[in-house]
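Next comes run_10.csv, a file with CSV, C-alpha atoms and all ligand atoms.
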```
chain,number,residue,atom,x,y,z
C,17,MET,CA,-37.8,-5.3,24.3
C,18,PHE,CA,-36.0,-6.5,21.3
C,19,LYS,CA,-33.1,-4.4,20.0
C,20,LYS,CA,-33.5,-3.9,16.3
C,21,LYS,CA,-30.6,-5.6,14.6
C,22,LYS,CA,-28.5,-3.4,12.3
C,23,LYS,CA,-28.7,-4.3,8.7
C,24,PRO,CA,-25.2,-5.3,7.4
C,25,LEU,CA,-23.9,-2.8,4.8
C,26,ASN,CA,-23.6,-4.0,1.3
C,27,THR,CA,-21.1,-2.9,-1.4
C,28,GLU,CA,-23.4,-0.1,-2.6
C,29,ASP,CA,-23.5,1.3,0.9
C,30,ILE,CA,-19.7,1.2,1.2
C,31,ILE,CA,-19.4,3.0,-2.1
C,32,ASP,CA,-21.6,5.7,-0.7
C,33,VAL,CA,-19.5,5.9,2.5
C,34,VAL,CA,-16.3,6.2,0.4
C,35,LYS,CA,-17.9,9.0,-1.6
C,36,ASN,CA,-19.3,10.9,1.3
C,37,SER,CA,-16.2,10.7,3.4
C,38,GLY,CA,-13.9,11.9,0.7
C,39,LEU,CA,-11.7,8.8,1.0
C,40,ARG,CA,-9.5,8.6,-2.1
C,41,HIS,CA,-6.2,7.0,-1.1
C,42,ILE,CA,-5.7,4.0,1.1
C,43,ALA,CA,-2.2,2.7,2.0
C,44,TYR,CA,-1.7,-0.8,3.3
C,45,ILE,CA,1.1,-2.1,5.5
C,46,MET,CA,0.7,-5.8,4.7
C,47,ASP,CA,2.2,-7.2,7.8
C,48,GLY,CA,1.9,-10.7,9.3
C,49,ASN,CA,2.6,-13.0,6.3
C,50,GLY,CA,5.4,-14.8,8.2
C,51,ARG,CA,3.4,-15.3,11.4
C,52,TRP,CA,0.4,-16.5,9.3
C,53,ALA,CA,2.6,-19.2,7.8
C,54,THR,CA,4.4,-20.2,11.0
C,55,ALA,CA,1.0,-20.6,12.8
C,56,ARG,CA,0.2,-23.2,10.1
C,57,SER,CA,3.6,-24.9,10.2
C,58,LEU,CA,4.4,-23.6,6.7
C,59,PRO,CA,7.6,-21.9,5.6
C,60,ARG,CA,7.5,-18.1,5.7
C,61,GLU,CA,7.8,-18.0,1.9
C,62,LEU,CA,4.3,-19.5,1.6
C,63,GLY,CA,3.1,-16.7,3.9
C,64,HIS,CA,4.3,-14.3,1.3
C,65,SER,CA,2.6,-16.2,-1.5
C,66,ALA,CA,-0.7,-16.1,0.4
C,67,GLY,CA,0.0,-12.4,1.0
C,68,ALA,CA,0.5,-11.7,-2.7
C,69,LYS,CA,-2.8,-13.4,-3.5
C,70,ASN,CA,-4.5,-11.4,-0.9
C,71,PHE,CA,-2.9,-8.2,-2.1
C,72,LYS,CA,-4.6,-8.8,-5.5
C,73,GLU,CA,-8.0,-9.4,-3.8
C,74,ILE,CA,-7.7,-6.2,-1.7
C,75,VAL,CA,-6.6,-4.1,-4.6
C,76,ARG,CA,-9.5,-5.3,-6.6
C,77,TYR,CA,-12.0,-4.7,-3.8
C,78,SER,CA,-10.6,-1.3,-2.9
C,79,ARG,CA,-11.1,-0.2,-6.5
C,80,ASN,CA,-14.6,-1.7,-6.6
C,81,VAL,CA,-15.7,0.5,-3.8
C,82,GLY,CA,-14.4,3.6,-5.4
C,83,ILE,CA,-11.0,4.1,-4.0
C,84,ARG,CA,-8.8,6.0,-6.5
C,85,TYR,CA,-5.3,5.3,-5.2
C,86,VAL,CA,-3.9,2.3,-3.3
C,87,THR,CA,-0.3,2.1,-2.0
C,88,VAL,CA,1.1,-1.1,-0.6
C,89,TYR,CA,4.3,-1.7,1.3
C,90,ALA,CA,5.8,-4.8,-0.4
C,91,PHE,CA,9.5,-4.6,0.5
C,92,SER,CA,11.3,-2.2,2.7
C,93,THR,CA,14.9,-1.0,2.6
C,94,GLU,CA,15.4,-3.1,5.8
C,95,ASN,CA,13.9,-6.3,4.4
C,96,TRP,CA,17.3,-7.2,2.7
C,97,LYS,CA,18.3,-8.4,6.2
C,98,ARG,CA,16.0,-11.4,5.9
C,99,PRO,CA,17.3,-14.8,4.9
C,100,GLU,CA,18.3,-15.0,1.3
C,101,ARG,CA,15.6,-17.6,0.6
C,102,GLU,CA,12.9,-15.3,1.8
C,103,VAL,CA,14.2,-12.3,-0.1
C,104,ALA,CA,14.4,-14.4,-3.3
C,105,ALA,CA,10.8,-15.6,-2.7
C,106,ILE,CA,9.5,-12.0,-2.5
C,107,MET,CA,11.5,-11.0,-5.7
C,108,LYS,CA,10.0,-14.0,-7.5
C,109,LEU,CA,6.5,-13.0,-6.4
C,110,LEU,CA,7.1,-9.5,-7.7
C,111,ASP,CA,8.3,-10.9,-11.0
C,112,GLN,CA,5.2,-13.1,-11.3
C,113,TYR,CA,2.9,-10.3,-10.3
C,114,ILE,CA,4.3,-8.1,-13.1
C,115,ASP,CA,3.2,-10.9,-15.6
C,116,GLU,CA,-0.3,-10.5,-14.3
C,117,ALA,CA,-0.2,-6.7,-14.0
C,118,GLU,CA,0.7,-6.4,-17.7
C,119,LEU,CA,-2.7,-7.9,-18.5
C,120,GLU,CA,-4.7,-5.5,-16.4
C,121,ASP,CA,-6.3,-2.7,-18.5
C,122,GLU,CA,-7.4,-0.1,-16.0
C,123,ILE,CA,-4.6,0.1,-13.4
C,124,GLU,CA,-1.7,2.5,-13.6
C,125,PHE,CA,1.3,1.2,-11.7
C,126,LEU,CA,4.1,3.1,-10.0
C,127,PHE,CA,6.9,1.5,-8.1
C,128,ILE,CA,8.1,3.7,-5.3
C,129,GLY,CA,11.5,3.2,-3.7
C,130,ASP,CA,15.1,2.8,-4.7
C,131,ARG,CA,15.0,0.4,-7.5
C,132,GLU,CA,18.8,0.6,-8.2
C,133,SER,CA,19.5,-2.4,-5.9
C,134,VAL,CA,16.8,-4.5,-7.5
C,135,ASP,CA,17.9,-7.2,-10.0
C,136,PRO,CA,18.4,-5.3,-13.4
C,137,ARG,CA,16.0,-7.6,-15.2
C,138,ILE,CA,13.2,-7.0,-12.7
C,139,ARG,CA,14.0,-3.3,-12.6
C,140,GLU,CA,13.6,-3.1,-16.3
C,141,ARG,CA,10.2,-4.9,-16.0
C,142,MET,CA,9.1,-2.4,-13.3
C,143,THR,CA,9.9,0.5,-15.6
C,144,SER,CA,8.2,-0.9,-18.6
C,145,LEU,CA,5.1,-1.8,-16.6
C,146,GLU,CA,4.9,1.9,-15.5
C,147,LYS,CA,5.3,3.1,-19.1
C,148,LEU,CA,2.7,0.6,-20.4
C,149,THR,CA,0.1,1.7,-17.8
C,150,VAL,CA,0.6,5.4,-17.5
C,151,GLY,CA,-2.6,7.5,-17.4
C,152,ARG,CA,-5.0,4.8,-16.4
C,153,PRO,CA,-7.9,5.6,-14.1
C,154,PHE,CA,-6.9,3.6,-10.9
C,155,ARG,CA,-3.5,3.9,-9.4
C,156,VAL,CA,-1.5,1.3,-7.5
C,157,ASN,CA,1.7,2.4,-5.9
C,158,ILE,CA,4.0,-0.6,-5.0
C,159,ALA,CA,6.6,0.4,-2.4
C,160,PHE,CA,9.5,-1.8,-3.2
C,161,ASN,CA,12.9,-1.4,-1.6
C,162,TYR,CA,11.2,1.6,0.0
C,163,GLY,CA,12.1,3.5,3.1
C,164,GLY,CA,10.3,6.7,4.2
C,165,ARG,CA,13.5,8.5,5.4
C,166,ASP,CA,15.4,7.4,2.3
C,167,GLU,CA,12.6,8.9,0.2
C,168,ILE,CA,12.8,12.3,2.0
C,169,VAL,CA,16.6,12.4,1.5
C,170,HIS,CA,16.1,11.4,-2.1
C,171,ALA,CA,13.5,14.2,-2.6
C,172,VAL,CA,15.7,16.8,-1.0
C,173,ASN,CA,18.7,15.8,-3.2
C,174,LEU,CA,16.5,15.8,-6.3
C,175,ALA,CA,15.3,19.3,-5.5
C,176,ILE,CA,18.9,20.5,-5.0
C,177,SER,CA,19.9,18.9,-8.3
C,178,LYS,CA,17.2,21.1,-9.9
C,179,GLY,CA,19.0,24.2,-8.6
C,180,ILE,CA,16.8,24.8,-5.5
C,181,THR,CA,18.9,26.2,-2.7
C,182,THR,CA,16.4,26.7,0.1
C,183,ILE,CA,14.2,23.7,0.4
C,184,THR,CA,10.5,24.2,1.3
C,185,GLU,CA,7.8,21.8,2.2
C,186,LYS,CA,6.4,22.2,-1.3
C,187,ASP,CA,9.8,21.2,-2.8
C,188,VAL,CA,9.8,18.0,-0.8
C,189,SER,CA,6.2,17.2,-1.7
C,190,GLU,CA,7.0,17.8,-5.3
C,191,ASN,CA,10.0,15.5,-5.3
C,192,VAL,CA,8.8,12.5,-3.3
C,193,TYR,CA,8.0,9.4,-5.3
C,194,THR,CA,4.3,10.0,-4.9
C,195,SER,CA,4.4,13.6,-6.0
C,196,ASP,CA,1.5,13.1,-8.4
C,197,CYS,CA,-0.9,11.5,-5.8
C,198,PRO,CA,-2.7,13.0,-2.9
C,199,ASP,CA,-1.4,12.0,0.5
C,200,PRO,CA,-3.0,8.8,1.9
C,201,ASP,CA,-6.2,9.6,3.7
C,202,LEU,CA,-6.0,6.3,5.5
C,203,ILE,CA,-3.2,4.0,6.4
C,204,VAL,CA,-4.1,0.4,7.4
C,205,ARG,CA,-1.7,-1.9,9.1
C,206,THR,CA,-2.4,-5.5,9.7
C,207,GLY,CA,-0.5,-8.0,11.9
C,208,ALA,CA,-1.2,-6.5,15.3
C,209,GLU,CA,1.7,-4.1,15.3
C,210,PHE,CA,1.1,-0.5,16.0
C,211,ARG,CA,3.8,1.4,14.2
C,212,ILE,CA,4.5,3.0,10.9
C,213,SER,CA,7.9,1.3,10.2
C,214,ASN,CA,9.4,3.9,8.0
C,215,PHE,CA,6.4,3.9,5.6
C,216,LEU,CA,5.3,7.2,3.8
C,217,MET,CA,7.0,9.3,6.6
C,218,TRP,CA,6.4,12.5,4.6
C,219,GLN,CA,3.0,11.7,3.2
C,220,SER,CA,1.4,10.4,6.4
C,221,ALA,CA,1.5,13.7,8.3
C,222,TYR,CA,-2.3,13.9,8.4
C,223,SER,CA,-3.3,10.3,7.5
C,224,GLU,CA,-5.8,8.5,9.7
C,225,LEU,CA,-4.3,5.3,11.1
C,226,TYR,CA,-6.2,2.0,11.4
C,227,PHE,CA,-4.7,-1.1,12.9
C,228,SER,CA,-6.0,-4.7,12.5
C,229,ASP,CA,-5.1,-7.7,14.6
C,230,LYS,CA,-5.5,-9.9,11.5
C,231,MET,CA,-2.5,-11.2,9.7
C,232,TRP,CA,-2.3,-9.8,6.1
C,233,PRO,CA,-3.4,-13.1,4.3
C,234,GLU,CA,-6.6,-13.2,6.4
C,235,PHE,CA,-7.5,-9.5,6.0
C,236,LYS,CA,-10.6,-9.6,3.8
C,237,PRO,CA,-13.0,-7.2,2.0
C,238,GLU,CA,-15.2,-7.1,5.1
C,239,ASP,CA,-12.1,-5.8,7.0
C,240,VAL,CA,-11.6,-3.1,4.4
C,241,ASP,CA,-15.3,-2.2,5.0
C,242,ALA,CA,-14.7,-1.9,8.7
C,243,ALA,CA,-11.6,0.3,8.1
C,244,ILE,CA,-13.6,2.5,5.7
C,245,ILE,CA,-16.5,2.9,8.2
C,246,GLU,CA,-14.1,3.8,11.0
C,247,PHE,CA,-12.4,6.4,8.7
C,248,SER,CA,-15.8,7.9,7.9
C,249,LYS,CA,-16.4,8.5,11.7
C,250,ARG,CA,-13.1,10.3,12.2
C,251,LYS,CA,-13.0,14.1,12.4
C,252,ARG,CA,-10.1,15.3,10.3
C,253,ARG,CA,-9.0,18.7,11.4
C,254,PHE,CA,-5.6,19.0,9.7
C,255,GLY,CA,-4.4,21.0,12.7
C,256,GLY,CA,-7.5,23.3,12.7
C,257,VAL,CA,-10.4,23.3,15.1
C,301,LIG,C1,5.4,-8.3,6.1
C,301,LIG,O1,5.1,-9.5,6.7
C,301,LIG,C2,5.4,-8.5,4.6
C,301,LIG,C3,6.5,-8.4,3.8
C,301,LIG,C4,7.8,-7.9,4.3
C,301,LIG,C5,6.3,-8.6,2.4
C,301,LIG,C6,5.0,-8.3,1.8
C,301,LIG,C7,5.0,-9.0,0.5
C,301,LIG,C8,3.8,-9.5,-0.1
C,301,LIG,C9,2.5,-9.3,0.4
C,301,LIG,C10,3.9,-10.3,-1.3
C,301,LIG,C11,4.6,-9.6,-2.5
C,301,LIG,C12,3.8,-8.5,-3.0
C,301,LIG,C13,3.8,-8.1,-4.3
C,301,LIG,C14,3.2,-6.8,-4.7
C,301,LIG,C15,4.4,-8.9,-5.3
C,301,LIG,P1,6.2,-10.2,7.6
C,301,LIG,O2,7.0,-11.1,6.8
C,301,LIG,O3,7.0,-9.1,8.3
C,301,LIG,O4,5.3,-11.0,8.6
C,301,LIG,P2,5.7,-11.3,10.2
C,301,LIG,O5,5.7,-9.9,10.9
C,301,LIG,O6,4.6,-12.1,10.6
C,301,LIG,O7,7.0,-11.9,10.2
```

The structure in this file should be written as structure tokens.
Amino acid sequence: MFKKKKKPLNTEDIIDVVKNSGLRHIAYIMDGNGRWATARSLPRELGHSAGAKNFKEIVRYSRNVGIRYVTVYAFSTENWKRPEREVAAIMKLLDQYIDEAELEDEIEFLFIGDRESVDPRIRERMTSLEKLTVGRPFRVNIAFNYGGRDEIVHAVNLAISKGITTITEKDVSENVYTSDCPDPDLIVRTGAEFRISNFLMWQSAYSELYFSDKMWPEFKPEDVDAAIIEFSKRKRRFGGV
């Protein structure tokens, strides 16, 4: 007996899976740029350039299959500990990406994180990109100098500054950087590491987690499909039965 071979899913099928599973928001932990470069005897900075290129491809693909919100972890509050050369390379990639992002016409950008320690010129560009793109139909949140615990502390202090004395969960949700987005339905981490690394600590309470062994520069649209299909099979109970 021959086993009938399953037909591979095409983009239209994936769009249906996204629709039927209620998947609106995917967050990506883009890990493995450094190892990807080292395995090719390249400097780590080139791993980040390859990672930035892949980020654009994955954002474009996520949008094409009907995802409404994408969040990416581009630079954490801990990443300042890296060699100066590597930090400078990531800053330069962000600066270059803003040039391209300004030419996009359907993406709304939001930078989440503490931008006070970012170079003032880049900081200004981040803010003007947000202003330029506000209200557009597809949202990309770029976590930059971001830490999940730092965000919760920031949210609590923001609520206190508004005169709130007893902080509730609703107050925190309304004061985190992503207060105008639904929480991520799915968090994808590449790079064969199985942890959250201080990413979206508040928002990830009920997110489905998906881990890929691939390094970020080699994580491709078909890998997004695999994550989406896996998500569609999960039973989300949000603490119920
Ligand atoms: C983690 O890989 C990746 C980062 C710390 C930086 C991610 C940055 C980019 C993808 C490019 C910049 C993005 C934008 C939006 C401009 P790692 O360096 O920790 O890899 P490793 O674990 O293999 O060392």

Distance limit 7 Å, reference ligand LIG 301 (chain C), atoms considered: all atoms listed in the file. Which residues make the cut? Give them as a PyMOL selection string. chain C and resi 46-52+64-65+67-68+71+89-92+95+106+109-110+113+158+207

I'd like the contact shell of C:Ser78 - 12 Å cut-off, only C-alpha atoms, skipping same-chain residues fewer than 3 positions apart - returned as a count of residues only. 35

Contact residues around C:Leu225 with only C-alpha atoms at 8 Å, ignoring same-chain residues under 6 positions, as a PyMOL selection string: chain C and resi 202-205

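Of the residues under consideration (C:Ser177, C:Thr54, C:Ser248, C:Ser220), C:Ser220 shows the shortest atom-to-atom contact distance to C:Ser189 when counting all atoms listed in the file.
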
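Straight-line separation from atom CA of C:Val33 to atom CA of C:Arg79: 13.7 Å.
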
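Between atom CA of C:Ile245 and atom CA of C:Lys21 the separation is 17.7 Å.
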
Let me know the centre plus edge lengths, in Å and rounded to one decimal, of a box with edges along x, y and z that contains all listed atoms of stretch 96-115 of chain C and is padded by 5 Å on every side, as lines of an AutoDock Vina configuration file.
```
center_x = 10.6
center_y = -12.4
center_z = -4.7
size_x = 25.4
size_y = 20.4
size_z = 31.8
```

If you count all atoms listed in the file, the residue of C:Glu209, C:Glu61, C:Asp111, C:Asp201 closest to C:Ile138 turns out to be C:Asp111

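Coordinates place atom CA of C:Val172 at a distance of 6.0 Å from atom CA of C:Val188.
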
Given only C-alpha atoms as the basis, pick out the residue of C:Ile45, C:Val150, C:Ala171, C:Leu25 nearest to C:Phe210. C:Ile45
